[in-house]
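Visitor: Right, I'll just put the structure down here and ask away after.
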Amino acid sequence: MDPRDPRLPHPQANQPGPQTGRLERAPTIGPGHSFGSITDKISTIVLTRKTSGGWFIGFGIAFAMMMMMLYAIGWLLIKGVGIWGNNNPVGWAFDIINFVWWIGIGHAGTLISAILLLLRQSWRTSINRFAEAMTLFAVACAGLFPLLHVGRPWFAYWLLPYPNTMSLWPQFRSPLMWDVFAVATYATVSLLFWYIGLVPDFATLRDRAKSRPWKILYGFFSLGWRGSAKHWYRYESAYLLLAGLATPLVLSVHTIVSFDFATSVIPGWHTTFFPPYFVAGAIYAGFAMVLTLAIPVRKAFGLQDFITMRHLENMGKVMLTTGLIVGYAYVMEVFYSWYSGNIYEMYVMFNRAFGPYWWTYWLLIVCNIVAPQALWFKKVRTSPLILFVIAMFVNVGMWLERFVIIVVSLHRDFLPSSWGMYSPTRWDFMLFFGTIGLFLTLLFLFIRFLPMISIFEMRTLLPEAQVHED
Amino acid sequence: MTTGRRHLDLAAFGARLSGENAPEYWRALEELAEDPSLHEVLREELARESAATGEGVDRRDFLRLMGASVAMGGLAACTPPAETIVPWVDAPEQLVPGRPLFYASAMELDGVGAGVLVESHMGRPTKIEGNPDHPGSLGATDHFAQASILSLYDPERSGTVRYTGDVSTWAAFVSALQATLQTLRGSGGEGLRVLTEGMSSPTAGSQMREILQRYPAAAWHTWQPVTRDSVLEGSRLAFGRPLQTVRHFGGADVVLALDSDFLAREPGFVRYTRDFMDRRRVRAGAATMNRLYVAESMPTPTGTMADHRVAIPAGEIETLARAIAGEIGVGTRVDAGARSAWAEAVARDLRAHPGRSIVLAGENQPPAVHAIVHAINAALGNAGRTVHYIEPVEANPVNQGESMRRLATDMRAGRVRALLILGGNPAFTAPADLEFARAMDFVPFRVHLGTYYDETSARSHWHVPATHFLEAWSDTRACDGTVSIVQPLIRPLYNGASVHEILAALNEDIRTGHEIVRDFWRERARTGADFDATWNRWLHDGVIPDSALPPVSAPASGAIPAAAPRGAAGIEVVLRPDPMIHDGRFANNSWLQELPKPVTKLTWDNAALMSPATASVLKVANGDVIEIEAGGRTVQAPVWSVPAHADDSITLDYGYGALRTGEVGRGTGTDVYPFRTLAGGDIVRGVTVRKTGRRVRLATVQMHHELAWELADGAGARRNIVRSGTLDRYRENPEFLRVPGLEIKGGPSLYPEWPYETYAWGMVIDTNVCTGCGICTIACQAENSIPVVGKEQVLVGREMHWIRTDHYYKGDPNDPDIGMYNVPIPCMHCENAPCEPVCPVEATSHSDEGINEMTYNRCVGTRYCANNCPYKVRRFNFLSYADFETESYKAMRNPDVTVRSRGVMEKCTYCIQRINEHRIEAEKDGRRIRDGEFTTACAQACPTRAIRFGDLNDSDSDVARLRAEPLNYGMLTELNTQPRTSYLGALKNPNPELARRAAPASSTEPAE
Amino acid sequence: MRPKTETWGLLAEFDDPTSLIEAAEKTREAGYTRIDAFTPFPVEGLHEAIGFHHTKLPMIVLAGGILGFVTGFGMQYFATVIHYPLNIGGRPLNSWPAWIPISFELAILFAAFAAIFGMLALNRLPEPYHPVFNVGRFVLATRDQFFLSIEASDPKFRRDETRRFLEALRPLEVSDVPW
C-alpha cells in the first residue's frame, strides 16, 4: 500500500493556469477554478460542510407539510372522495388540476438535460442535475393524484394490464390508460437518466468520503465506477441515446395528458390544439419552477460561480418564448370558439370570461401573459429577485390555467339544468399543499446528500479539459 | 328525558331476549314490560341514546344507530299476515322463492283511496305499483304511494304502546280505556270524543255509528290539515247539500282551472291527469288537443301544461271567476280589470263548447268560487256530461274546521272527559287560533293513535302505535266511490294497531281487524253462502265491482253568493300543503324529502315562494329569511323567487318544521302552521314582510337563479333541448320541429354500426304530456334502491336520482304567459356512448341489446364517464350513501338490484332486472318478449303515460311507433351519440283570440 | 481464479488530459494492446488513443425500441380483439389509433432499459472490486488526476522494461498494481 496520503496534491501537481479568455460569451462557470476546486466545492456541500440551521428549519417546515398530506390522505381513505368539493357535474377538480400542474412542472428537468444536451448547450451543465431531481420529485407528487382521485383507490391496480382469472383487461381506448403508461414510463426513464448521470459523481464521493459507512454507501451506488476510457465512451453514447429517447418522451407525456381532455366531448375540453398548447405550458411551468428553486439555492450555497447570471438569463428567455406560445393558445381558443359558431363552445368562452369564475380567468391572463412580458428587458432577466417574482406568478398562473380548463368547463356544459357550482373544501387544500411539502422534503434531502451539480460535467467546462493538439 | 324525541333503544331488549323467536317476541316484551327493573334499563337506554343523538350527529350516523334498535323487529316479523291474502296474479304455483308476487290493496290519503299492487318478495313488500283495474289508478300511482314503502320500514316509527312516555302494553291500555268508559257510560258517553282524520272507510264509518248509538252523548270530530271544507261549503251554497264532483276530462275540449292543481295534487289526480292527457296526445293522423286555461298564483304542474295561463294572486281569482261567470251569463257582469280581455276570451271559448268543457277551482279557494264554478258548469250544460255529482265519499262529511272549533271550545270548557285521537297529529296541524295543543291539557283522558311518537302523542296519556296500510285490514273509497279492500301484506312490524281495532276496543268488540272488515262486507255482499269466493275475487281484483257511488241529480241554484268585501290589499300569503311531505305526515320519509318539488326543484325545505319582481320590490334575495306578519301572527321563512309566480303573492307550504318527527325530518323547513287559522283561511291578504337579516341555504337540484343569461335567449331553445310549437304549426307541417342535421341517426361516422339483432330497448318521452310531477323519479328510487344523500349533499350537487325532470322556462320571465316545459332525463343509452370509451377498466360497456351497462364491482370510480356524459345522468357515490346497517331497510330493498357502495358510479339501467326477468320467462316459453309485457318503473308509475319503453326492433311496438312520429327528436344528437331515449316535442293549443300573447312560443322552435 | 502474473499491471499517473493522450498514443504505437486509461471526466479522443473504436450499443437500443412497440400493440390487440371482445361505446374492436400512444410509450421504455442496462453490461458494471483501486493515489482518478494502465497479461508486458517505457513518458509516477 502506498504510504503517502493520497489526498495531498502531488508535489509536482500543477496549479490552475490563468483563466484564458477563450469564452467570448458570459461564462457558464466562474473564474479561478481547477478540477480539484470544482470537485471540492461541490462535494464538500455533501461530505464535510456542516448542515446549516437554515436547512433544518426549511426541512422541518417541509416535513410538517408532508405530514399534513398523510393526514389528508388517511381521512380520504376512510371517508371517500366526498370529503373534497368534487360533485356533479364537476367530477374532476383539485385532484386532476394538481396532477396536471405537477406533471407540467416535471417537464423542465428532463427537457433541460435531454434537449439542451442534444443541442449542445453547455450552459445546461450546472443546472441539469438539479432540474432532473426536481422532475423526479414533481412526478412523484403528480403520481399521487391519479391514485387518490379514484373512488376506490385500493382497486387502482386494476388499471394495470395483468393476467387474471376473470381474463379482465383494462380498456385501452381510455386516455386514462394512456396516462398510466406515459407517466410510468416518464418516471422510470427520468429516474434512470438521473441515476446514470450520478454514477461518476458517486465514485467521486466514494473516494472522498471520510467515514467508512458513507464510503460503502456511495461505493454501492457508484457501481465500482473507475473512469475507464472505454467506460466513458459507452457511457457517453448511452447518455446521448437516452437523451434522444427522452426528448420525444417528454413531448409525448403532456400530449397524452392533454388527450384526457381533447378526446372528450365536453366543450372547452374537446380541442384539437391542446397537445402543443399543453407541452408549451409544461415547459413554461417547468422553467418557472427551476428558477423558483435555483435562485434561493444558489444564494444559500454560494454557487453563483456555477449557476451564473447567464443561466438565469437563458431560462428567462425560454420562459418568455413558451409564455408567448401559451398566450397565442389562449387567443386561438377564443377565436376558435367564435369561429366555430357552436353555441356550446361560444358559451364556454363567455362563461370563462364573464361567468361566476370570471376572476380565475383574468387572474390567469395576468399571471401567464402580462407578468412575463417584463422578461423582454435584460435588466429584468439579470435580476434574480425580479426573476423569482415572475417565476412565482407563472407557477400560480399555470395552476389557474388548469382550474379554468377543468372546473370552469365542467361546471356548465350542455344541459343548463345540470349546471352546478364548485367550491373546494379544506381537504382539497391540505392535500395540495401537502404535496408541495412532499416535494420540498425530497428536495431538501437531495441537496443535503447528493451533489446538486454534476461534478464531472463541470470539470469538462474548464479550459484545461480541452485537449490541445500540438 | 327532556329531549324532543323519546326513542326506545330496543336493542337492549333484543339483548335480553336473545334466543326468543320473533313472533313470540312481543308477548315476551309485554311480560317484561311489567317488570319494574326493566323500566330502569329503559330509562338508562333512553338517556344514553338521547345523549348519543345530540346535535353533532349527522343523519346517516343516526340511522346507523337506529339500525340497532330496529334489530328488535328482528324483521323475523317479516311474515305475511295470519289470514289468507290473495295475490293479484293467479300463478299456478303460489310462492316460488326468488319470484315476487303481487297483491292488490289500497292506500288511503285524506279520505280518498287509491288502488295499488304491492310487490312482495318472500313476504316482504318491496315496491308499490298502481292497480290497472282501479278507477283511481288505472295502473299508475302518486308519489305518496311510491314512498309509502319507505314509511313502512321506517325504523323511527313508534314501536310500542306508551303511557306518559313510558313503555306500556296494549292490555294495559285496553283496561285503562275500559275503566274510563265505565265512568262515562252512565251519562251516555257524555264527554267522550273521537277525533279521526278524514276517512272514507265504510267499515270505520259503521263502527263509529255503532259507538254513537252506544254512547249517544259522544261526538265524532274530524280533522285533516289538507281540508276540503271550502269545496264542501261551495257545494252547499250551490246545491244546498255537500256533494262531491266527479269529472270526465275525456269529454272536455276546454278546461278552465281556477287556482286548481288538478293534474298533480287534488284527490283522484292520478286518474284525472290520465283522462286529461289522453286528449293531448298529438299523433300522426290525430292532430287534436283539448285547451287548458289556468289562472293561478304559484306555477304548478297544471300551470306548466296550460295553453294560456295568467299569474294572479289567489285572492283575485274570485273576481276573475265572477267576470268569466258574468260573460257566460251567470250572475252579473264584473270587471276583471287588466284581465278582462283574457276573461272574455276564455268565456267565449267556454260558451263555444257547451257540455264539452270543465271549469274547476282549487281546494283553498273560498266557497264562493266553488259555488260560481258549479253555476258555470250548470250554465254550460257540463253537469251530467263532463261533470257529475255524488255523495261525499267521506265517512263523516262535516265542516272539519267547525268540528275542530267545537271540540276545542268543549275541551277548554272541560266538557271533554275522554279524547281519542285516531291518526293525524292535530297538536301540530290544528288551526293555530284554536290552540288545540294547549286545550288538550283540559282533558283528563287522552289517547293518541299515531305512526310516530309526535307532538300529539307527547301531550296524550296513552300513545298507541298505528299500523301502516300494508300492515292492517281496512277498506276505502276511491274518488268516485269505488270501494277497495285494504289488504295487509305483512304483520305489523312495530306492533301497531289499526283504527278499526281501537274502535273495536271502544265497542268492547273482540274481533280482529280482519274479521271486522270481512263481517261488515259479508252483510252487504248479499251473496250468502259463497261469500268466500266473492271476497277472494274482491281481494284479487283490488276493487269491489259496481261499488262506485251513483250520480245524484243536483240542480245547481244559478244564484251566486254576493261578493264578500275584499280583504286588505297589499301582499297576500297563500298556504298550501307541501307537494312532497304533504301536511307533514311524510316529514320522516327521506325519499319524499329529497324528491325535487315541481317547478322550484327545492328539496328538504319549504320556502316563501314569490315572483322575482316581488322579491326585488322587497329587496330580498334567495335564502334571505323574511318575517311575515298578519293579525299578530308571524312566521319566518327563507325566500325563493320563482319565475311565473304572481306578483304581490307569497306561497308558503305547510307541513314542515315539526319538532317531534324522526331524525330524517328534524330541522327541515319552517313550521308555517302557526300562520294558518280558521279565521284567516288559506289565503291571508295584507301581510307585512320584514327582512330578518338571517340567511339559510336552500338545496335545489336546478339552479334557475343562475340561468339569467340563458333565460334571456332561451337556453333550451338554442340548444334544441326543448322543442315546442303550436298545434296550428303542427297541422301545417307535422315535421316543423325537425332540425336538419340533428337526426338521431345518420351523423357521419368512420366506424361501422354495431348490429343489435335480438332486442333494441328504447324509450320515448312525450314532453307534451309531462307535468313534471316527479313520480317517475321516486318510482325509480324505490325500484332501484337509490340512496338519499341529505340536504348537505344536495347542496353540493350530489343527489343520486337516476331520472330527473328538468324544468325550462321560455321567453321573458316577466311575461305572465311564460312558457314552462318539463323534460324528464334518464340515461339516453346512446349507441355511441361517450361515457364508455373513457372508462379505463371496462366498468361500463354496451350489451348486445344496446343497453349502456354499469359493472358496479369493476368500477374504480375515476368519474371520467360522468364528466364525459353530455346529459350528466351519471351519479357517483362520493361517500357511503347506501345505508348498509339499518336492518329494516335491508328487508325493503329490491333483491334483484345491487346496492352500490362508496366510490362507485351508477345510473339508469332501463330497469335491467325487469328486462332479464321477462327475457327468462319468454325464453322458457320459447317466444320473444311481447310489447307491453313489462315496462320500467318510471314508465309504470307515470300517471300521464308520458314515458313509454319497449323494443325498437319490434316495428309495431309502442316505442317504435312513437319514434317514427314527426314530433320525435333526440337530445344533443349533434354529438352523434345516437341516443336510445328520444323525445316528442311539446305543443300548445293557443286560443287564436289570445294567440298573439303566445307569440314567444315560436322562440323554442328550432332556429333554421 | 488463480492469477498467472504476480501483479495486475502497471499504472502511470498524469496531471492533465493532453499528456495522458500523448502517452496513450505512444504506448499503443509501442505495440501494447491491453491498455486502458482512467480519467475524472470523459476526455475527447482518448478512446481512439487507446485503440477502442466502436460500441454496438445503438443496435441494442434500436432492438429494444422495436420490441417495446410490438409488445405494446400486441398486448392491446390481444386483450381487446381476441381475448375479451366487448362493445365499448359502439367503437370497433380493432380501434388501432387508440393504441398508438401506449405502443409508443412502451417502445421508449424498452429502448431506455436497453440503453442503460446494455451500457452497464458492456462495461461489466457493477464491479465493486478492481485491482487499480489498490493503488493509493488512484482515488484521485475521480478528482483531478489522469492514469494510464498496462496489464501484465499483455503479451508484450515485461515488468521492468515496461516500467522503464512508462517512466520515459514523463508521468508523475509509475506504480505497480497488485492483485
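Convention: chains lettered A, B, ... in C-alpha cells order; per-chain residue numbering from 1; ligands numbered from 1 as shown.
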Dump as a tab-separated table the rows for residues of chain C within 8 Å of chain A: closest atom pair and distance in Å with one decimal, only C-alpha atoms counted, ordered by chain and rising residue number.
Guide:
residue	atom	partner	partner_atom	distance
C:Asp15	CA	A:Ala13	CA	6.4
C:Asp16	CA	A:Glu464	CA	7.4
C:Pro17	CA	A:Val467	CA	6.2
C:Thr18	CA	A:Val467	CA	5.0
C:Asp36	CA	A:Ala229	CA	6.5
C:Ala37	CA	A:Ala229	CA	5.2
C:Phe38	CA	A:Ser228	CA	4.4
C:Thr39	CA	A:Gly227	CA	5.3
C:Pro40	CA	A:Gly227	CA	6.1
C:Phe41	CA	A:Phe456	CA	5.2
C:Pro42	CA	A:Trp232	CA	5.5
C:Val43	CA	A:Ala465	CA	7.5
C:Glu44	CA	A:Val467	CA	7.1
C:Leu46	CA	A:Ala229	CA	6.5
C:His47	CA	A:Ala229	CA	5.8
C:Phe52	CA	A:Lys230	CA	6.9
C:Thr55	CA	A:Arg234	CA	6.7
C:Leu57	CA	A:Ala238	CA	7.1
C:Pro58	CA	A:Leu241	CA	7.5
C:Val61	CA	A:Leu241	CA	8.0
C:Gln76	CA	A:Phe172	CA	6.7
C:Ala79	CA	A:Trp169	CA	6.3
C:Thr80	CA	A:Gln171	CA	7.7
C:His83	CA	A:Ser167	CA	7.4
C:Tyr84	CA	A:Ser167	CA	7.1
C:Ser95	CA	A:Arg173	CA	7.4
C:Ala98	CA	A:Arg173	CA	5.2
C:Trp99	CA	A:Phe172	CA	6.7
C:Pro101	CA	A:Trp178	CA	6.2
C:Ile102	CA	A:Trp178	CA	5.7
C:Glu105	CA	A:Ala182	CA	5.9
C:Leu106	CA	A:Thr185	CA	7.4
C:Ile108	CA	A:Leu245	CA	6.3
C:Leu109	CA	A:Thr185	CA	5.7
C:Ala111	CA	A:Leu245	CA	7.6
C:Ala112	CA	A:Leu242	CA	6.1
C:Ala115	CA	A:Ala238	CA	5.5
C:Ile116	CA	A:Ala238	CA	6.6
C:Met119	CA	A:Arg234	CA	6.1
C:Leu122	CA	A:Arg234	CA	8.0
C:Asn123	CA	A:His231	CA	5.7
C:Leu125	CA	A:Leu223	CA	6.2
C:Pro126	CA	A:Leu223	CA	4.3
C:Glu127	CA	A:Gly224	CA	5.0
C:Pro128	CA	A:Gly224	CA	4.3
C:Tyr129	CA	A:Gly224	CA	6.7
C:His130	CA	A:Gly224	CA	7.9
C:Asn134	CA	A:Met1	CA	7.1
C:Val135	CA	A:Asp2	CA	6.7
C:Gly136	CA	A:Asp2	CA	5.4
C:Arg137	CA	A:Pro6	CA	4.7
C:Phe138	CA	A:Pro6	CA	8.0
C:Val139	CA	A:Asp207	CA	5.3
C:Leu140	CA	A:Pro6	CA	7.4
C:Ala141	CA	A:Gly227	CA	7.1
C:Thr142	CA	A:Thr204	CA	4.9
C:Arg143	CA	A:Gly36	CA	6.0
C:Asp144	CA	A:Phe35	CA	5.2
C:Leu172	CA	A:Gln12	CA	7.2
Visitor: Using only C-alpha atoms, find the residues of chain A whose closest atom to chain B is at most 9 Å away, then write them as JSON, numbers by chain.
Guide: {"A": [79, 80, 81, 82, 83, 84, 85, 86, 87, 88, 89, 90, 91, 92, 146, 149, 150, 151, 152, 153, 154, 155, 156, 158, 159, 168, 169, 170, 171, 172, 173, 174, 175, 176, 177, 260, 263, 264, 265, 266, 343, 344, 410, 413, 414, 415, 416, 417, 418, 419, 420, 421, 422, 423]}
Visitor: Write down, as an MDAnalysis selection string, each residue of chain B that has any atom within 7 Å of an atom of chain C, counting only C-alpha atoms.
Guide: chainID B and resid 751 754 831:834 836:837 845:846
Visitor: Might you pull out every residue within 9 Å of range 954-969 of chain B, with only C-alpha atoms counted and same-chain residues fewer than 4 positions away left off, and present them as number ranges by chain?
Guide: B: 282-284, 723, 730, 734-739, 742-744, 759-760, 762-764, 766, 930-932, 948-950, 973, 982-986
Visitor: Could you tell me which of C:Val81, C:Arg159, C:Phe146, C:Leu166 comes closest to Glu13 in chain C if we count only C-alpha atoms?
Guide: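 Of C:Val81, C:Arg159, C:Phe146, C:Leu166, the one nearest Glu13 in chain C, counting only C-alpha atoms, is C:Phe146.
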Visitor: Could you state the separation of CA of Ala282 in chain A and CA of His254 in chain A in Å, given to one decimal place?
Guide: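 Pair CA of Ala282 in chain A / CA of His254 in chain A returns 7.2 Å.
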Visitor: So, counting only C-alpha atoms, which residue among A:Phe59, A:Thr308, A:Thr441, A:Ala280 is closest to Ser126 in chain A?
Guide: A:Thr308
Visitor: List the spatial neighbours of Tyr881 in chain B as a list in words - criterion: any atom at most 7 Å away, only C-alpha atoms, same-chain residues fewer than 6 positions off excluded.
Guide: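 The residues that qualify are Pro787, Val788, Val789 and Arg902 of chain B.
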Visitor: Those same residues, written as a PDB file, in the first residue's frame with all heavy atoms?
Guide:
ATOM      1  N   PRO B 787     -80.071   5.478  -2.986  1.00  0.00           N
ATOM      2  CA  PRO B 787     -79.957   6.092  -1.668  1.00  0.00           C
ATOM      3  C   PRO B 787     -80.320   7.572  -1.691  1.00  0.00           C
ATOM      4  O   PRO B 787     -80.273   8.213  -2.741  1.00  0.00           O
ATOM      5  CB  PRO B 787     -78.475   5.925  -1.337  1.00  0.00           C
ATOM      6  CG  PRO B 787     -77.802   5.880  -2.654  1.00  0.00           C
ATOM      7  CD  PRO B 787     -78.768   5.203  -3.589  1.00  0.00           C
ATOM      8  N   VAL B 788     -80.693   8.081  -0.529  1.00  0.00           N
ATOM      9  CA  VAL B 788     -80.831   9.533  -0.382  1.00  0.00           C
ATOM     10  C   VAL B 788     -79.508  10.044   0.187  1.00  0.00           C
ATOM     11  O   VAL B 788     -78.763   9.296   0.812  1.00  0.00           O
ATOM     12  CB  VAL B 788     -81.990   9.904   0.559  1.00  0.00           C
ATOM     13  CG1 VAL B 788     -83.306   9.561  -0.057  1.00  0.00           C
ATOM     14  CG2 VAL B 788     -81.809   9.227   1.895  1.00  0.00           C
ATOM     15  N   VAL B 789     -79.234  11.320  -0.042  1.00  0.00           N
ATOM     16  CA  VAL B 789     -77.933  11.840   0.363  1.00  0.00           C
ATOM     17  C   VAL B 789     -78.034  12.920   1.429  1.00  0.00           C
ATOM     18  O   VAL B 789     -77.046  13.250   2.078  1.00  0.00           O
ATOM     19  CB  VAL B 789     -77.173  12.394  -0.857  1.00  0.00           C
ATOM     20  CG1 VAL B 789     -76.903  11.282  -1.853  1.00  0.00           C
ATOM     21  CG2 VAL B 789     -77.941  13.536  -1.501  1.00  0.00           C
ATOM     22  N   ARG B 902     -69.581   2.836  -1.680  1.00  0.00           N
ATOM     23  CA  ARG B 902     -68.848   4.093  -1.854  1.00  0.00           C
ATOM     24  C   ARG B 902     -67.863   3.990  -3.032  1.00  0.00           C
ATOM     25  O   ARG B 902     -67.296   2.947  -3.302  1.00  0.00           O
ATOM     26  CB  ARG B 902     -68.071   4.387  -0.572  1.00  0.00           C
ATOM     27  CG  ARG B 902     -67.268   5.649  -0.606  1.00  0.00           C
ATOM     28  CD  ARG B 902     -65.793   5.432  -0.452  1.00  0.00           C
ATOM     29  NE  ARG B 902     -65.365   5.087   0.889  1.00  0.00           N
ATOM     30  CZ  ARG B 902     -64.081   5.101   1.270  1.00  0.00           C
ATOM     31  NH1 ARG B 902     -63.140   5.459   0.440  1.00  0.00           N
ATOM     32  NH2 ARG B 902     -63.756   4.728   2.481  1.00  0.00           N
TER      33      ARG B 902
END
